[in-house]
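Chemist: So I've got this file, final_7.cif, and it contains mmCIF, C-alpha atoms:
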data_my_file
loop_
_atom_site.label_atom_id
_atom_site.label_comp_id
_atom_site.auth_asym_id
_atom_site.auth_seq_id
_atom_site.Cartn_x
_atom_site.Cartn_y
_atom_site.Cartn_z
CA MET A 14 24.84 19.49 55.33
CA GLU A 15 26.76 16.65 56.94
CA ILE A 16 29.46 17.63 59.40
CA GLU A 17 32.07 15.44 61.06
CA VAL A 18 34.75 16.40 63.57
CA PHE A 19 38.19 14.81 63.94
CA ARG A 20 40.21 15.29 67.12
CA LEU A 21 43.90 14.63 66.44
CA GLY A 22 46.42 13.20 68.89
CA HIS A 23 44.36 12.70 72.05
CA ARG A 24 46.70 12.23 75.04
CA LEU A 25 45.87 10.80 78.45
CA PRO A 26 45.39 12.24 80.99
CA ARG A 27 46.30 15.63 79.55
CA ASP A 28 43.52 15.96 76.96
CA GLU A 29 40.82 14.09 78.86
CA ARG A 30 38.60 17.06 79.53
CA ILE A 31 39.42 19.21 76.49
CA SER A 32 38.62 16.32 74.14
CA THR A 33 35.35 15.72 76.00
CA HIS A 34 34.48 19.40 75.54
CA VAL A 35 35.39 19.14 71.84
CA ALA A 36 33.08 16.13 71.47
CA LEU A 37 30.17 17.72 73.34
CA VAL A 38 30.48 20.92 71.33
CA ALA A 39 30.47 18.82 68.14
CA ARG A 40 27.18 17.26 69.25
CA ALA A 41 25.49 20.40 70.61
CA PHE A 42 26.46 22.53 67.61
CA GLY A 43 25.18 20.19 64.94
CA ALA A 44 27.91 17.75 63.87
CA SER A 45 26.94 14.11 63.28
CA HIS A 46 30.09 12.29 64.28
CA ILE A 47 33.42 12.68 66.04
CA SER A 48 36.49 10.55 65.44
CA TYR A 49 39.74 10.83 67.36
CA SER A 50 43.28 9.56 67.07
CA GLY A 51 46.13 9.38 69.58
CA GLN A 52 45.47 7.30 72.67
CA HIS A 53 42.35 5.19 72.82
CA ASP A 54 40.13 6.42 75.67
CA SER A 55 37.06 4.46 76.67
CA GLY A 56 36.35 7.10 79.36
CA LEU A 57 35.96 9.75 76.66
CA GLU A 58 33.71 7.49 74.60
CA ASP A 59 31.61 6.61 77.66
CA SER A 60 31.16 10.30 78.56
CA VAL A 61 29.87 11.07 75.10
CA LYS A 62 27.60 8.03 75.04
CA ARG A 63 26.20 8.93 78.48
CA ILE A 64 25.34 12.44 77.28
CA CYS A 65 23.70 11.01 74.16
CA ALA A 66 21.71 8.52 76.24
CA SER A 67 20.32 11.27 78.49
CA TRP A 68 20.12 14.31 76.25
CA GLY A 69 19.59 12.65 72.90
CA SER A 70 21.70 11.79 69.90
CA ASN A 71 19.51 12.91 67.01
CA THR A 72 21.49 15.28 64.78
CA PRO A 73 20.21 18.03 62.46
CA ALA A 74 21.42 15.91 59.52
CA GLY A 75 18.99 13.22 60.70
CA ASP A 76 21.43 10.57 61.93
CA SER A 77 22.58 9.56 65.39
CA PHE A 78 25.61 11.24 66.97
CA SER A 79 28.53 8.84 67.30
CA ILE A 80 32.14 8.67 68.47
CA LYS A 81 34.86 6.40 67.12
CA TYR A 82 38.57 5.90 67.62
CA GLU A 83 40.70 5.94 64.46
CA LYS A 84 44.25 4.75 64.97
CA ASN A 85 45.43 5.85 61.54
CA TYR A 86 44.27 9.45 61.21
CA LEU A 87 45.91 9.97 57.83
CA ARG A 88 44.25 6.97 56.24
CA TYR A 89 40.88 8.02 57.68
CA LEU A 90 41.13 11.63 56.53
CA LYS A 91 42.19 10.56 53.03
CA MET A 92 39.32 8.08 52.90
CA GLN A 93 36.83 10.78 53.88
CA LYS A 94 38.34 13.19 51.39
CA ASP A 95 37.86 10.55 48.68
CA ALA A 96 34.27 10.15 49.89
CA GLY A 97 33.62 13.81 49.13
CA PHE A 98 34.29 15.53 52.44
CA VAL A 99 36.00 18.90 52.30
CA ILE A 100 38.74 18.81 54.96
CA VAL A 101 38.85 21.93 57.13
CA HIS A 102 41.72 22.10 59.61
CA LEU A 103 41.30 24.62 62.42
CA THR A 104 44.62 26.26 63.23
CA MET A 105 45.57 29.69 64.51
CA TYR A 106 47.92 29.99 61.51
CA GLY A 107 45.24 29.57 58.86
CA VAL A 108 43.19 31.98 56.79
CA PRO A 109 40.40 33.83 58.59
CA LEU A 110 37.19 31.80 58.94
CA GLN A 111 35.03 34.56 57.53
CA ASP A 112 37.15 34.77 54.35
CA ALA A 113 36.72 31.08 53.48
CA LEU A 114 33.20 30.46 54.75
CA GLU A 115 31.43 31.07 51.47
CA LYS A 116 33.65 28.54 49.66
CA ILE A 117 33.29 25.94 52.42
CA ASN A 118 29.53 26.36 52.45
CA LYS A 119 29.39 25.09 48.89
CA SER A 120 30.21 21.61 50.19
CA SER A 121 27.51 19.39 51.60
CA LYS A 122 30.05 17.25 53.50
CA ILE A 123 32.50 18.94 55.84
CA LEU A 124 35.13 17.38 58.08
CA LEU A 125 36.50 19.74 60.73
CA VAL A 126 39.90 18.74 62.11
CA VAL A 127 41.04 20.04 65.50
CA GLY A 128 44.56 19.38 66.67
CA SER A 129 46.28 19.03 69.98
CA GLU A 130 49.76 20.36 70.80
CA GLN A 131 51.75 19.65 67.63
CA VAL A 132 49.89 19.02 64.38
CA PRO A 133 51.84 17.06 61.73
CA ARG A 134 52.83 18.98 58.62
CA GLU A 135 50.90 16.56 56.41
CA ILE A 136 47.58 17.75 57.90
CA TYR A 137 48.25 21.27 56.66
CA GLU A 138 48.94 19.78 53.21
CA LEU A 139 45.99 17.41 53.17
CA ALA A 140 43.48 20.04 54.33
CA ASP A 141 41.41 21.82 51.70
CA PHE A 142 41.29 24.75 54.10
CA ASN A 143 43.49 25.71 57.03
CA LEU A 144 41.24 28.03 58.95
CA SER A 145 41.77 30.42 61.83
CA VAL A 146 39.30 31.86 64.31
CA THR A 147 40.78 35.27 65.33
CA SER A 148 44.45 34.50 64.41
CA GLN A 149 45.22 34.50 68.12
CA PRO A 150 46.10 31.66 70.48
CA HIS A 151 43.09 30.45 72.46
CA SER A 152 41.23 27.14 72.39
CA GLU A 153 40.28 24.42 69.93
CA VAL A 154 36.96 24.15 71.80
CA ALA A 155 36.17 27.79 71.06
CA ALA A 156 37.43 27.58 67.47
CA LEU A 157 35.20 24.57 66.82
CA ALA A 158 32.16 26.22 68.42
CA ILE A 159 32.52 29.41 66.40
CA THR A 160 33.11 27.51 63.15
CA LEU A 161 30.07 25.29 63.68
CA ASP A 162 28.03 28.34 64.68
CA ARG A 163 28.89 30.00 61.37
CA LEU A 164 28.20 26.85 59.36
CA MET A 165 24.86 26.42 61.16
CA GLU A 166 24.13 30.15 60.80
CA GLY A 167 23.33 30.37 64.50
CA LYS A 168 20.50 27.83 64.24
CA GLU A 169 22.11 25.71 67.00
CA LEU A 170 21.14 28.41 69.53
CA LYS A 171 17.47 27.82 68.91
CA THR A 172 17.99 24.26 70.13
CA PHE A 173 18.00 21.42 67.70
CA ASP A 174 15.68 18.60 68.66
CA PHE A 175 18.03 15.92 69.94
CA LYS A 176 15.05 13.72 70.86
CA GLY A 177 16.57 13.10 74.28
CA ARG A 178 15.04 11.63 77.41
CA LEU A 179 15.95 14.90 79.15
CA ARG A 180 15.65 18.47 78.02
CA ILE A 181 16.01 21.84 79.69
CA ALA A 182 13.17 24.28 80.09
CA PRO A 183 15.01 27.63 80.08
CA SER A 184 14.73 29.34 83.43
CA GLU A 185 15.54 32.82 84.71
CA LYS A 186 16.87 31.76 88.10
CA GLY A 187 16.66 28.01 88.50
CA LYS A 188 17.30 24.61 86.99
CA LEU A 189 14.38 23.03 85.23
CA VAL A 190 14.90 19.69 83.53
CA ILE A 191 12.00 17.95 81.86
CA GLU A 192 11.98 14.19 81.55
CA ASN A 193 10.00 12.70 78.71
CA GLY A 194 7.31 10.24 79.68
CA MET B 15 31.86 48.28 76.27
CA GLU B 16 33.91 46.89 79.14
CA ILE B 17 33.79 43.12 79.62
CA GLU B 18 35.18 41.07 82.47
CA VAL B 19 35.10 37.31 82.95
CA PHE B 20 34.91 35.43 86.24
CA ARG B 21 35.86 31.76 86.46
CA LEU B 22 34.27 30.16 89.54
CA GLY B 23 35.74 27.34 91.58
CA HIS B 24 39.02 26.56 89.81
CA ARG B 25 40.31 23.13 90.93
CA LEU B 26 43.81 21.73 90.55
CA PRO B 27 44.78 19.75 88.58
CA ARG B 28 41.34 19.06 87.15
CA ASP B 29 40.58 22.51 85.72
CA GLU B 30 44.12 23.48 84.78
CA ARG B 31 43.64 23.39 81.03
CA ILE B 32 39.95 24.30 80.83
CA SER B 33 40.53 27.44 82.93
CA THR B 34 43.49 28.36 80.72
CA HIS B 35 41.26 27.99 77.66
CA VAL B 36 38.60 30.13 79.36
CA ALA B 37 41.19 32.83 80.06
CA LEU B 38 42.65 32.79 76.54
CA VAL B 39 39.20 32.95 74.99
CA ALA B 40 38.41 35.92 77.26
CA ARG B 41 41.50 37.71 75.92
CA ALA B 42 41.15 36.74 72.24
CA PHE B 43 37.42 37.55 72.11
CA GLY B 44 37.66 41.03 73.60
CA ALA B 45 37.33 40.91 77.39
CA SER B 46 39.61 43.13 79.48
CA HIS B 47 40.09 41.06 82.60
CA ILE B 48 39.61 37.62 84.08
CA SER B 49 39.27 36.83 87.77
CA TYR B 50 39.00 33.37 89.24
CA SER B 51 38.11 31.78 92.55
CA GLY B 52 38.70 28.31 93.93
CA GLN B 53 42.32 27.22 94.20
CA HIS B 54 45.04 29.76 93.60
CA ASP B 55 47.08 28.71 90.55
CA SER B 56 50.24 30.58 89.65
CA GLY B 57 50.68 28.24 86.66
CA LEU B 58 47.40 29.50 85.19
CA GLU B 59 48.39 33.11 85.80
CA ASP B 60 51.83 32.56 84.29
CA SER B 61 50.33 30.96 81.16
CA VAL B 62 48.09 33.96 80.61
CA LYS B 63 50.90 36.42 81.28
CA ARG B 64 53.19 34.57 78.86
CA ILE B 65 50.58 34.77 76.10
CA CYS B 66 50.08 38.48 76.81
CA ALA B 67 53.85 39.09 76.75
CA SER B 68 54.20 37.44 73.32
CA TRP B 69 50.92 38.13 71.58
CA GLY B 70 49.96 41.40 73.25
CA SER B 71 47.62 42.50 76.00
CA ASN B 72 45.93 45.52 74.48
CA THR B 73 42.16 45.08 74.67
CA PRO B 74 39.43 46.58 72.46
CA ALA B 75 38.31 48.63 75.48
CA GLY B 76 41.79 50.20 75.48
CA ASP B 77 43.22 48.70 78.67
CA SER B 78 45.65 45.87 79.29
CA PHE B 79 44.38 42.31 79.71
CA SER B 80 44.89 41.06 83.25
CA ILE B 81 44.24 38.04 85.47
CA LYS B 82 43.65 38.06 89.21
CA TYR B 83 42.74 35.55 91.88
CA GLU B 84 39.73 36.45 94.08
CA LYS B 85 39.34 34.27 97.13
CA ASN B 86 35.88 35.60 98.00
CA TYR B 87 33.90 35.36 94.77
CA LEU B 88 30.65 36.55 96.31
CA ARG B 89 32.16 39.72 97.73
CA TYR B 90 33.88 40.43 94.40
CA LEU B 91 30.76 39.89 92.29
CA LYS B 92 28.67 42.07 94.63
CA MET B 93 31.32 44.78 94.51
CA GLN B 94 31.34 44.73 90.70
CA LYS B 95 27.56 44.74 90.61
CA ASP B 96 27.60 47.84 92.84
CA ALA B 97 30.15 49.36 90.45
CA GLY B 98 27.63 49.08 87.61
CA PHE B 99 28.48 45.75 86.03
CA VAL B 100 25.58 43.65 84.80
CA ILE B 101 26.24 40.10 86.01
CA VAL B 102 25.69 37.46 83.34
CA HIS B 103 26.02 33.85 84.49
CA LEU B 104 26.49 31.29 81.74
CA THR B 105 24.62 28.10 82.58
CA MET B 106 22.94 25.46 80.46
CA TYR B 107 19.77 26.01 82.55
CA GLY B 108 19.41 29.71 81.73
CA VAL B 109 17.39 31.65 79.18
CA PRO B 110 18.60 31.49 75.57
CA LEU B 111 21.44 33.91 74.82
CA GLN B 112 19.69 35.34 71.78
CA ASP B 113 16.57 36.21 73.83
CA ALA B 114 18.47 38.32 76.37
CA LEU B 115 21.16 39.81 74.17
CA GLU B 116 19.37 43.03 73.38
CA LYS B 117 18.82 43.80 77.08
CA ILE B 118 22.40 42.91 78.00
CA ASN B 119 23.74 45.08 75.21
CA LYS B 120 22.23 48.14 76.90
CA SER B 121 24.91 47.88 79.58
CA SER B 122 28.36 49.29 79.02
CA LYS B 123 29.88 47.06 81.73
CA ILE B 124 29.35 43.32 81.58
CA LEU B 125 30.71 40.61 83.85
CA LEU B 126 30.43 37.10 82.44
CA VAL B 127 30.53 34.35 85.06
CA VAL B 128 31.50 30.81 84.06
CA GLY B 129 31.21 28.00 86.56
CA SER B 130 32.89 24.70 87.12
CA GLU B 131 31.15 21.50 88.26
CA GLN B 132 28.67 22.73 90.87
CA VAL B 133 27.69 26.42 90.91
CA PRO B 134 26.34 27.73 94.24
CA ARG B 135 22.67 28.67 94.31
CA GLU B 136 23.53 32.26 95.29
CA ILE B 137 25.16 32.86 91.88
CA TYR B 138 21.85 32.15 90.15
CA GLU B 139 20.22 34.66 92.51
CA LEU B 140 22.92 37.31 92.24
CA ALA B 141 23.08 37.18 88.44
CA ASP B 142 21.09 39.73 86.45
CA PHE B 143 20.92 37.13 83.70
CA ASN B 144 21.33 33.37 83.75
CA LEU B 145 22.10 32.64 80.15
CA SER B 146 22.31 29.49 78.10
CA VAL B 147 24.07 28.79 74.84
CA THR B 148 22.00 26.03 73.14
CA SER B 149 20.33 24.63 76.34
CA GLN B 150 22.46 21.52 75.92
CA PRO B 151 25.42 20.26 77.94
CA HIS B 152 28.76 21.11 76.30
CA SER B 153 31.55 23.44 77.42
CA GLU B 154 32.01 26.67 79.34
CA VAL B 155 34.80 27.51 76.87
CA ALA B 156 32.37 27.32 73.95
CA ALA B 157 29.60 29.15 75.84
CA LEU B 158 31.99 31.99 76.65
CA ALA B 159 33.29 32.20 73.07
CA ILE B 160 29.80 32.35 71.55
CA THR B 161 28.59 34.92 74.09
CA LEU B 162 31.60 37.17 73.52
CA ASP B 163 31.22 36.71 69.76
CA ARG B 164 27.63 37.97 69.97
CA LEU B 165 28.55 40.87 72.27
CA MET B 166 31.40 41.83 69.91
CA GLU B 167 29.14 41.29 66.88
CA GLY B 168 31.80 39.11 65.28
CA LYS B 169 34.41 41.88 65.27
CA GLU B 170 36.87 39.65 67.13
CA LEU B 171 37.26 37.57 63.96
CA LYS B 172 38.77 40.48 62.11
CA THR B 173 41.57 40.48 64.67
CA PHE B 174 41.73 43.14 67.30
CA ASP B 175 45.09 44.85 67.52
CA PHE B 176 46.62 43.37 70.66
CA LYS B 177 49.84 45.31 69.99
CA GLY B 178 51.85 42.15 70.58
CA ARG B 179 55.47 41.37 69.84
CA LEU B 180 54.20 38.49 67.70
CA ARG B 181 51.36 38.28 65.25
CA ILE B 182 50.21 35.74 62.70
CA ALA B 183 50.14 36.42 58.99
CA PRO B 184 47.27 34.17 57.84
CA SER B 185 48.55 31.40 55.61
CA GLU B 186 46.89 28.82 53.36
CA LYS B 187 49.24 25.96 54.13
CA GLY B 188 51.94 27.05 56.55
CA LYS B 189 52.77 28.87 59.78
CA LEU B 190 53.80 32.45 59.40
CA VAL B 191 54.56 34.45 62.52
CA ILE B 192 55.74 38.02 62.25
CA GLU B 193 57.90 39.50 64.97
CA ASN B 194 57.75 43.22 65.42
CA GLY B 195 61.04 45.09 65.06
#
Would you encode the structure as C-alpha cells?
Modeler:
Amino acid sequence: MEIEVFRLGHRLPRDERISTHVALVARAFGASHISYSGQHDSGLEDSVKRICASWGSNTPAGDSFSIKYEKNYLRYLKMQKDAGFVIVHLTMYGVPLQDALEKINKSSKILLVVGSEQVPREIYELADFNLSVTSQPHSEVAALAITLDRLMEGKELKTFDFKGRLRIAPSEKGKLVIENG
Amino acid sequence: MEIEVFRLGHRLPRDERISTHVALVARAFGASHISYSGQHDSGLEDSVKRICASWGSNTPAGDSFSIKYEKNYLRYLKMQKDAGFVIVHLTMYGVPLQDALEKINKSSKILLVVGSEQVPREIYELADFNLSVTSQPHSEVAALAITLDRLMEGKELKTFDFKGRLRIAPSEKGKLVIENG
C-alpha cells in the first residue's frame, strides 16, 4: 500500500507547527510522501529533512520519505487521481472513517488530504471519500494519525524500521537513544 | 473510566494552536478535563469553552468537559496521584503503548500528561508509566489521540453524545450541521 499526504493551504507563521506535526505524523505512521500547498516554507521542509536525516526516511512501502511544495494543489490532486490514487479528504463533515475503511482498503494507492481553515468546495467534489474522525471538531493532526493507524492496522506502533542513524530503546523512566555505528 | 489530560509548559505564542489541538482532542476522544501549566492563556481557555458551548461538553464519564490552569504542575500531579489517578506520561522515549495498555486499563482513573519542548526529569520519575506511541518523533496531538483511542477501544469514532447545540450529520460531499431546537 502506497500512501501520500497532502496538506492544503499552509500559512505562515500560523500553520508552521501544525504542518510540521502533520508531516511528522505522515512519516511516523507509514506514509511515503507529503506535499503541501499555500505558502512555500523552507523551514517546514528543513524540519522534515532533519528528522529524516537523524531518524531515518525508509518507509514501509520501501521508498524514502519526501516532502514537496505544490503550488497548484488542484492540478496535483487531479494528476494523482489519474495515476490511480484514491483521494481521501479528512473533514469533520464527512462520513465516519470506520464506515468507509473497507472500501478505501481496496485501493493500493491512497492520497490523504488534510485542510487548513477553509477548504475549497472543489476538494469535496474531487475527493473519492470525504471522511470524518469522530464528527467533532478537533485536529487535522489527530485525524491523520487515526486514519493512518487504521490503514496500517496498528502496525506503526510496533515501530517500522526507518533505517535511521538514531533510534530509541524504549525505557521505563529515562531517555535512551542508540546511535548506529 | 475517568480520564484527565495535563498539558505541561504551555508557551505563548508558540504553543497556542498545538495546545488548542491537544485540548480539543482530549474532549473529542473522551477525556473529562484538561489542565495546563506554563503561561496562563485565556485565549486557549476561551477557544475550548466556545467549542463546548456549540458542540457540547457532556463527556462519556458523565461530567462536563472543563479546562483549568495549574501554575504548580508538580503539586497538581502529586495531588491527583494521591487521589488515585494513574499518571501516564506520553514521551517518545517511553515503553510502547501496546505493551502497557493492559496494565493501565486496570485503573479507573487515568491522567495523561503531554509535554512541550523540554519535560522536567521529575515527570519521568513521578509517572507510573512513560509511554511511547511509535518510538519516533512526531506530535503530542497524535500521541494523545492514539492513546485515547486505545483506552476508549475505538468507541470515540462512533460519536459520543456531547449533548451539544450543534452536531454534524455525516455527508458524502457537503457540510451538514444540525442545530437542536
Chemist: Which residues would end up in the selection if the PyMOL selection byres ((chain A) within 6 of (chain B)) were applied here, given that I need the answer as a list in words?
Modeler: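 Applying the expression gives His34, Leu37, Val38, Tyr106, Gly107, Val108, Tyr137, Asn143, Thr147, His151, Ser152, Val154, Ala155, Ala158, Leu170, Thr172, Pro183, Ser184, Glu185, Lys186 and Lys188 of chain A.
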Chemist: For Arg20 of chain A, which residue among A:Ser32, A:Gln93, A:Ser77, A:Ser45 is the nearest when counting only C-alpha atoms?
Modeler: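 Looking at the shortest contact to Arg20 of chain A, the residue is A:Ser32.
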Chemist: Check what the PyMOL selection byres ((chain B and resi 101) around 8) selects in the file above and give those residues as a list in words.
Modeler: Leu91, Lys95, Phe99, Val100, Val102, His103, Ile124, Leu125, Leu126, Val127, Leu140, Ala141, Asp142 and Phe143 of chain B
Chemist: Any chance you could fit chain B onto chain A with least squares, all Cα atoms in order, and share the moved copy as a compact mmCIF listing (two decimals) with C-alpha atoms, in the frame of the given file?
Modeler:
# COMPACT_ATOMS: atom_id res chain seq x y z
CA MET B 15 24.85 19.48 55.31
CA GLU B 16 26.76 16.64 56.94
CA ILE B 17 29.48 17.63 59.40
CA GLU B 18 32.06 15.43 61.07
CA VAL B 19 34.75 16.40 63.55
CA PHE B 20 38.18 14.81 63.94
CA ARG B 21 40.21 15.29 67.11
CA LEU B 22 43.91 14.63 66.42
CA GLY B 23 46.40 13.22 68.88
CA HIS B 24 44.35 12.68 72.05
CA ARG B 25 46.69 12.23 75.05
CA LEU B 26 45.85 10.79 78.45
CA PRO B 27 45.37 12.24 80.98
CA ARG B 28 46.29 15.62 79.55
CA ASP B 29 43.52 15.96 76.96
CA GLU B 30 40.81 14.09 78.85
CA ARG B 31 38.59 17.08 79.53
CA ILE B 32 39.43 19.21 76.49
CA SER B 33 38.62 16.32 74.13
CA THR B 34 35.35 15.73 75.99
CA HIS B 35 34.49 19.41 75.54
CA VAL B 36 35.39 19.15 71.84
CA ALA B 37 33.09 16.14 71.47
CA LEU B 38 30.18 17.74 73.34
CA VAL B 39 30.49 20.93 71.33
CA ALA B 40 30.47 18.82 68.14
CA ARG B 41 27.18 17.25 69.25
CA ALA B 42 25.50 20.40 70.62
CA PHE B 43 26.47 22.54 67.61
CA GLY B 44 25.18 20.18 64.94
CA ALA B 45 27.90 17.74 63.86
CA SER B 46 26.95 14.10 63.28
CA HIS B 47 30.10 12.29 64.29
CA ILE B 48 33.42 12.68 66.04
CA SER B 49 36.50 10.55 65.45
CA TYR B 50 39.74 10.83 67.36
CA SER B 51 43.29 9.57 67.07
CA GLY B 52 46.12 9.38 69.57
CA GLN B 53 45.46 7.30 72.67
CA HIS B 54 42.35 5.19 72.82
CA ASP B 55 40.13 6.42 75.67
CA SER B 56 37.05 4.47 76.66
CA GLY B 57 36.35 7.09 79.35
CA LEU B 58 35.96 9.75 76.66
CA GLU B 59 33.70 7.50 74.61
CA ASP B 60 31.61 6.61 77.65
CA SER B 61 31.16 10.29 78.56
CA VAL B 62 29.87 11.08 75.10
CA LYS B 63 27.60 8.03 75.05
CA ARG B 64 26.20 8.94 78.47
CA ILE B 65 25.34 12.45 77.29
CA CYS B 66 23.71 11.02 74.16
CA ALA B 67 21.71 8.51 76.24
CA SER B 68 20.32 11.27 78.49
CA TRP B 69 20.11 14.31 76.27
CA GLY B 70 19.58 12.64 72.90
CA SER B 71 21.69 11.79 69.89
CA ASN B 72 19.51 12.91 67.01
CA THR B 73 21.49 15.27 64.78
CA PRO B 74 20.23 18.03 62.47
CA ALA B 75 21.42 15.91 59.53
CA GLY B 76 18.99 13.22 60.72
CA ASP B 77 21.43 10.57 61.93
CA SER B 78 22.59 9.56 65.38
CA PHE B 79 25.62 11.24 66.96
CA SER B 80 28.52 8.84 67.30
CA ILE B 81 32.15 8.68 68.45
CA LYS B 82 34.85 6.39 67.12
CA TYR B 83 38.56 5.90 67.63
CA GLU B 84 40.71 5.92 64.45
CA LYS B 85 44.25 4.73 64.98
CA ASN B 86 45.44 5.83 61.53
CA TYR B 87 44.29 9.43 61.20
CA LEU B 88 45.92 9.97 57.82
CA ARG B 89 44.25 6.97 56.23
CA TYR B 90 40.89 8.01 57.69
CA LEU B 91 41.13 11.63 56.53
CA LYS B 92 42.20 10.55 53.03
CA MET B 93 39.32 8.08 52.89
CA GLN B 94 36.83 10.78 53.89
CA LYS B 95 38.34 13.20 51.40
CA ASP B 96 37.87 10.56 48.68
CA ALA B 97 34.27 10.15 49.89
CA GLY B 98 33.62 13.83 49.13
CA PHE B 99 34.30 15.53 52.44
CA VAL B 100 36.00 18.90 52.31
CA ILE B 101 38.74 18.82 54.96
CA VAL B 102 38.85 21.93 57.13
CA HIS B 103 41.72 22.12 59.61
CA LEU B 104 41.30 24.62 62.42
CA THR B 105 44.62 26.26 63.23
CA MET B 106 45.57 29.68 64.51
CA TYR B 107 47.93 30.00 61.51
CA GLY B 108 45.24 29.57 58.86
CA VAL B 109 43.18 31.98 56.78
CA PRO B 110 40.39 33.84 58.59
CA LEU B 111 37.20 31.79 58.95
CA GLN B 112 35.03 34.56 57.53
CA ASP B 113 37.15 34.76 54.35
CA ALA B 114 36.72 31.08 53.48
CA LEU B 115 33.21 30.46 54.75
CA GLU B 116 31.43 31.06 51.48
CA LYS B 117 33.63 28.53 49.65
CA ILE B 118 33.30 25.94 52.42
CA ASN B 119 29.54 26.36 52.47
CA LYS B 120 29.38 25.08 48.88
CA SER B 121 30.20 21.60 50.17
CA SER B 122 27.51 19.38 51.60
CA LYS B 123 30.05 17.26 53.51
CA ILE B 124 32.50 18.94 55.84
CA LEU B 125 35.13 17.39 58.09
CA LEU B 126 36.50 19.74 60.74
CA VAL B 127 39.90 18.74 62.10
CA VAL B 128 41.04 20.02 65.50
CA GLY B 129 44.57 19.37 66.67
CA SER B 130 46.29 19.03 69.98
CA GLU B 131 49.76 20.37 70.81
CA GLN B 132 51.76 19.66 67.65
CA VAL B 133 49.90 19.01 64.38
CA PRO B 134 51.85 17.06 61.73
CA ARG B 135 52.84 18.98 58.62
CA GLU B 136 50.89 16.56 56.40
CA ILE B 137 47.58 17.75 57.91
CA TYR B 138 48.26 21.28 56.65
CA GLU B 139 48.94 19.78 53.21
CA LEU B 140 45.98 17.41 53.19
CA ALA B 141 43.49 20.04 54.33
CA ASP B 142 41.41 21.84 51.70
CA PHE B 143 41.28 24.76 54.12
CA ASN B 144 43.49 25.72 57.03
CA LEU B 145 41.24 28.03 58.96
CA SER B 146 41.76 30.40 61.83
CA VAL B 147 39.31 31.85 64.30
CA THR B 148 40.77 35.26 65.31
CA SER B 149 44.45 34.50 64.40
CA GLN B 150 45.22 34.51 68.11
CA PRO B 151 46.11 31.66 70.46
CA HIS B 152 43.10 30.45 72.48
CA SER B 153 41.22 27.15 72.40
CA GLU B 154 40.29 24.42 69.94
CA VAL B 155 36.96 24.15 71.80
CA ALA B 156 36.17 27.80 71.06
CA ALA B 157 37.43 27.57 67.46
CA LEU B 158 35.20 24.57 66.83
CA ALA B 159 32.16 26.22 68.43
CA ILE B 160 32.52 29.42 66.39
CA THR B 161 33.10 27.52 63.14
CA LEU B 162 30.07 25.30 63.68
CA ASP B 163 28.02 28.35 64.69
CA ARG B 164 28.88 30.02 61.38
CA LEU B 165 28.21 26.85 59.36
CA MET B 166 24.86 26.42 61.15
CA GLU B 167 24.14 30.15 60.79
CA GLY B 168 23.32 30.36 64.49
CA LYS B 169 20.50 27.81 64.26
CA GLU B 170 22.09 25.71 67.00
CA LEU B 171 21.13 28.40 69.52
CA LYS B 172 17.46 27.80 68.92
CA THR B 173 17.99 24.25 70.14
CA PHE B 174 18.00 21.40 67.71
CA ASP B 175 15.68 18.58 68.66
CA PHE B 176 18.04 15.90 69.94
CA LYS B 177 15.04 13.72 70.87
CA GLY B 178 16.56 13.10 74.28
CA ARG B 179 15.04 11.63 77.41
CA LEU B 180 15.95 14.90 79.15
CA ARG B 181 15.65 18.47 78.03
CA ILE B 182 16.03 21.84 79.70
CA ALA B 183 13.18 24.28 80.09
CA PRO B 184 15.02 27.63 80.07
CA SER B 185 14.74 29.34 83.43
CA GLU B 186 15.55 32.82 84.72
CA LYS B 187 16.86 31.77 88.11
CA GLY B 188 16.65 28.01 88.52
CA LYS B 189 17.31 24.60 86.98
CA LEU B 190 14.39 23.03 85.22
CA VAL B 191 14.89 19.69 83.53
CA ILE B 192 12.00 17.95 81.85
CA GLU B 193 11.97 14.19 81.56
CA ASN B 194 10.02 12.72 78.71
CA GLY B 195 7.24 10.30 79.66
Chemist: I'd like to know which of A:Lys91, A:Lys116, A:Lys62, A:Lys176 is closest to His46 of chain A, using all atoms listed in the file.
Modeler: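 Ranked by minimum distance to His46 of chain A, first place goes to A:Lys62.
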